[in-house]
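Visitor: Mind looking over this structure? Questions follow.
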Amino acid sequence: MTCSRMLFLGVLIGGGSLTISSQPIHAQAAGAPAKAPAAKAAPAPKAATPAKAPAAAPAAAATPAYPAGVPEAKLRTTHHQVEVVSSNERHGARKDEVIMPGTRVDSAAGSGAEVSFLDGTRVFIGENTSFSVYGVPPPAPAKGPAKKFTPGNNTITVGEITVVVPANAAVLGAPAAPGKKPAAKPAPVKVSRTATIVTPVGKVTVNPGSAARISVEPKTGATRVSLYDGAAVLAGKGKPINLAANQSSTIANVTAPPTAAQPLPAAPSITGVPGLVLSTGGPVEVKGTYSVAGTPPAGWQVQVAQDAAFESILRAGRVASTETRVMTSPMGPGEYYVRVSAINAEGAVGPWSAPAHVQVARVVLWPGGEGKRAAIQVDGKGVFCGLDGAELQAVGQPMPLQPAREHALRCATAQSGAKAEDSSDFKISATQSGPVVAKLDVGAPAFNAQEGQREVRLQLSDAAGSPISGATVVAEGTGGARADAVRELPGTGTYVTTAHWPPGKTGLGLRYAINGVENYESALPDAMPPTGKDEPKDEPASTDRPPAKSFAVEFGLMPLAHVDIPRGVFAVGGALEIGGRLKLPSGAFAFSLRPQYEYFAPAPGASHIVGGGLLLAYRFRSLDAPWAPYIGVLPQFLAEYSFLARDGVQIQDGSWMSQVGLGGLLGAEIRLRRGSVFMEAGYRHIIWGRTERTDYASLNGIFGNMGYRVNF
């Protein structure tokens, strides 16, 4: 056997093609009784016959023993839809399941499996295939006892299998009995591992140390054998055909002899497949094509797997001759191995190409916030990455990003010296690099006859508080102001400009553009020229909040809790707030409609309350203040559904009741850049619809809530 053939056989055995196992007992035909083992093959090693379990062991009773003299068959791997069919049941294939003689393994489209035998033979089952282990049992008679089934030859009735038979192994003779001198040179005994496969129109014998693909057409049963290594025999009507490596032959039907041996197509070559592709988590295109020298093929056989042994197969099947893309659809993150074989006009399948490998590594962008800078992380095996030309390092930890700045990520399968096809680049836009935290520091105003002016400083930092230096910052005035060119105080992340405006002008502001992607705008405090001898007073520094509007629409959401004082029960619920706020010379007047829901737990009566109220409140402080207390009244209409319960289970039909209540509340709000957080506490008293009852909640009591409201 040549080195190249040994390499191809190693690839098949290592895990890729569909293979078939050998059996030392050979039946004359599918379903026919087998001849005595001694007449056709040497006895199987003792290890092939399972030891009998003790009669008392329950496992031995539940699992039937494998027939003596037949190497045990086991389902080693499966992918997609594979079923195991016996005379009395059909079920989905299970990994490491023992396949008893007379059992069939069926595969659907795009599916397959591997059956391994105890003597080392392996059978790889392709898609749309029916393969019977040690023959097909005779059909059950309409009357009388079932015919006895004797294990014979493995049988393929339709589809395609690949059989890999290991080379013969030398087994030493039995050791000398105690007290006797052992033989000087024990003679090795060779165990035959020839595999015989029966098809609807013929029989294939695969010799030790050989690998062959056997395909059977549906309806006609036409059989084709492609031999990749070793030797095999295709027998039917007439003279058998002996096949050598890289040859094929066909039997069309039961009356036709095998065709003369023909050469197989050459192994294709795969080019242009990158070793590494980066993805943000979704499927991405993987480039690469394949071709074969010489005559163009009639089609291709393609396999895509997640492992180099081609045991975890994702896709397997045939494609048209015009399709030469390695990956016909985008692939998500993971490792992929691809191999291709050519199919000639006669339908013979050539040897596999050398496999191509690609890794799709996942790129994760962390947006930053809550005191953390934005970062990028790459999840991959054996991947090295670097940012903005930095030295490549093993991936695993997030790499921090500079906010509002473009970044270039480069990754490769080696820390240095990686080929171009084993490297991949990824661009991070300035908007993906995380938020900028901006703070405005406004200096004191100064006036001359022509204008007023003041120095304004913009401090930039990332979410972790680190200053951002080297940013491109452009400022322009709003409301009639203008701004000088921005300069940075070196290395501080502080950017300085001077604002100018006509004397007496108010409602001024500045708008900043940071690196062309981040925008920041802030109002400047009004400042008037001094009059008489009065010295100008320093204006308070501006806050990040926009100036308050005269009228604003408000929307809020809050959970609430209620304690029924007369009954001593507790309720929880939630409410919405939809209303408005009117700015007053001192403080503000607010009104809102509050739909709400409350639930009182059984004590022993349970109550569901749906209501609506109109809140009228006065907020004491100016709208520019950071916080403000308020007081209000809250008349409410309540629809109550109550029922008696025991141990939380309703025991009586419920009833509806309408009630009207009047309440008051005290609250406070903490004002943010947009909206505010508020807390309230109050009391509700039912003034209409109340009945004297002891089983249900009275709905009188104190309540409290905390929520968030926004204004527009």
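Chain labels A, B, ... are given in the sequence in which chains occur in the structure tokens; within each chain residues are numbered consecutively from 1, and ligands are likewise numbered from 1 in the order shown.
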Would you pick out the contacts of stretch 285-288 of chain A at 6 Å or less, using only C-alpha atoms, so that residues sharing its chain but fewer than 4 positions from it are not included, and give the list as a ChimeraX atom specification?
Guide: /A:271-273,326,330
Visitor: Determine, counting only C-alpha atoms, which protein, DNA and RNA residues have an atom within 7 Å of an atom of A:Ala499; residues of the same chain fewer than 5 positions away are not included. Present the result as a list in words.
Guide: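 Skipping anything fewer than 5 positions along the chain leaves Gln453, Arg454, Glu455, Val456, Ala481, Arg482, Ala483 and Asp484 of chain A.
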Visitor: Figure out the distance between atom CA of A:Ala571 and atom CA of A:Ala639, please, to one decimal in Å.
Guide: 15.2 Å
Visitor: Between A:Gly707, A:Leu666, A:Gly507, A:Val486, which one has atoms that come closest to A:Leu560, using only C-alpha atoms?
Guide: A:Gly707
Visitor: Write out as a compact mmCIF listing (two decimals) with C-alpha atoms, in the first residue's frame the residues lying within 7 Å of stretch 515-524 of chain A, counting only C-alpha atoms and excluding same-chain residues fewer than 6 positions away.
Guide:
# COMPACT_ATOMS: atom_id res chain seq x y z
CA ALA A 404 -16.43 58.38 20.31
CA ARG A 405 -13.43 57.13 18.33
CA ALA A 430 -17.07 55.85 16.80
CA THR A 431 -20.72 55.38 17.78
CA ALA A 471 -10.55 64.30 20.89
CA THR A 472 -11.66 66.54 18.03
CA VAL A 473 -14.13 69.05 19.54
CA LEU A 508 -27.73 81.69 24.95
CA GLY A 509 -26.08 78.26 24.68
CA SER A 542 -25.34 75.91 34.71
CA ASP A 544 -27.11 69.71 32.73
Visitor: Neighbours of stretch 243-257 of chain A within 9 Å (only C-alpha atoms; same-chain residues fewer than 6 positions away dropped), as a ChimeraX atom specification?
Guide: /A:5,200-202,210-211,220-237,263-266,346,348-351
Visitor: Restricting the output to C-alpha atoms, write the selected residues as a compact mmCIF listing (two decimals), in the first residue's frame.
Guide:
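The result, written out as out.txt:
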# COMPACT_ATOMS: atom_id res chain seq x y z
CA ARG A 5 -3.38 5.41 0.05
CA PRO A 200 -30.56 -6.20 -4.20
CA VAL A 201 -28.60 -7.19 -7.34
CA GLY A 202 -25.25 -8.49 -6.11
CA SER A 210 -9.58 -1.65 2.30
CA ALA A 211 -12.09 1.20 2.06
CA THR A 220 -33.89 -0.63 -9.62
CA GLY A 221 -31.37 -1.66 -6.92
CA ALA A 222 -28.50 -0.86 -9.30
CA THR A 223 -25.27 -1.20 -7.32
CA ARG A 224 -22.08 0.82 -7.74
CA VAL A 225 -18.81 0.22 -5.89
CA SER A 226 -16.00 2.80 -5.61
CA LEU A 227 -12.81 1.44 -4.09
CA TYR A 228 -10.44 3.94 -2.49
CA ASP A 229 -7.81 1.60 -1.05
CA GLY A 230 -7.02 -2.10 -0.88
CA ALA A 231 -8.99 -4.64 -2.90
CA ALA A 232 -12.62 -5.67 -3.33
CA VAL A 233 -14.79 -7.96 -5.47
CA LEU A 234 -18.17 -7.10 -7.01
CA ALA A 235 -20.14 -10.26 -7.81
CA GLY A 236 -23.46 -10.70 -9.61
CA LYS A 237 -24.48 -12.58 -12.70
CA PRO A 263 -10.88 4.77 -12.86
CA LEU A 264 -12.39 7.05 -10.20
CA PRO A 265 -12.46 10.84 -10.49
CA ALA A 266 -9.47 12.60 -8.97
CA GLU A 346 -21.44 7.19 -14.38
CA ALA A 348 -18.93 6.94 -9.26
CA VAL A 349 -17.77 9.03 -6.28
CA GLY A 350 -14.07 9.81 -6.10
CA PRO A 351 -11.86 10.17 -3.01
Visitor: May I ask which of the residues A:Leu557, A:Ile631, A:Leu314, A:Ala464 is the closest one to A:Pro595, counting only C-alpha atoms?
Guide: A:Leu557
Visitor: Which residues are close to stretch 79-84 of chain A, i.e. within 12 Å by only C-alpha atoms, leaving aside same-chain residues fewer than 3 positions away? Reply as a PyMOL selection string.
Guide: chain A and resi 18+74-76+87-95+97-115+124-133+303-306+310-316
Visitor: Which residues in stretch 295-514 of chain A does DSSP call helix (DSSP H, G or I)? List them as a VMD selection string.
Guide: chain A and resid 420 to 422 430 to 432
Visitor: Keeping only N, CA and C atoms, write the selected residues as a PDB file, in the first residue's frame.
Guide:
ATOM      1  N   ALA A 420      -2.108  35.785   5.374  1.00  0.00           N
ATOM      2  CA  ALA A 420      -3.195  36.748   5.165  1.00  0.00           C
ATOM      3  C   ALA A 420      -4.561  36.086   5.277  1.00  0.00           C
ATOM      4  N   GLU A 421      -4.692  34.840   4.758  1.00  0.00           N
ATOM      5  CA  GLU A 421      -5.990  34.169   4.817  1.00  0.00           C
ATOM      6  C   GLU A 421      -6.331  33.683   6.220  1.00  0.00           C
ATOM      7  N   ASP A 422      -5.358  33.690   7.128  1.00  0.00           N
ATOM      8  CA  ASP A 422      -5.612  33.286   8.511  1.00  0.00           C
ATOM      9  C   ASP A 422      -5.759  34.493   9.437  1.00  0.00           C
ATOM     10  N   ALA A 430     -17.135  54.943  15.651  1.00  0.00           N
ATOM     11  CA  ALA A 430     -17.067  55.848  16.796  1.00  0.00           C
ATOM     12  C   ALA A 430     -18.325  55.759  17.653  1.00  0.00           C
ATOM     13  N   THR A 431     -19.477  55.489  17.018  1.00  0.00           N
ATOM     14  CA  THR A 431     -20.718  55.380  17.784  1.00  0.00           C
ATOM     15  C   THR A 431     -20.798  54.085  18.577  1.00  0.00           C
ATOM     16  N   GLN A 432     -19.973  53.073  18.220  1.00  0.00           N
ATOM     17  CA  GLN A 432     -19.966  51.809  18.954  1.00  0.00           C
ATOM     18  C   GLN A 432     -18.957  51.807  20.094  1.00  0.00           C
TER      19      GLN A 432
END
Visitor: What's the 12 Å shell around stretch 588-593 of chain A, counting only C-alpha atoms, without same-chain residues fewer than 5 positions away, as a ChimeraX atom specification?
Guide: /A:548-557,575-583,611-625,628-637,709,711
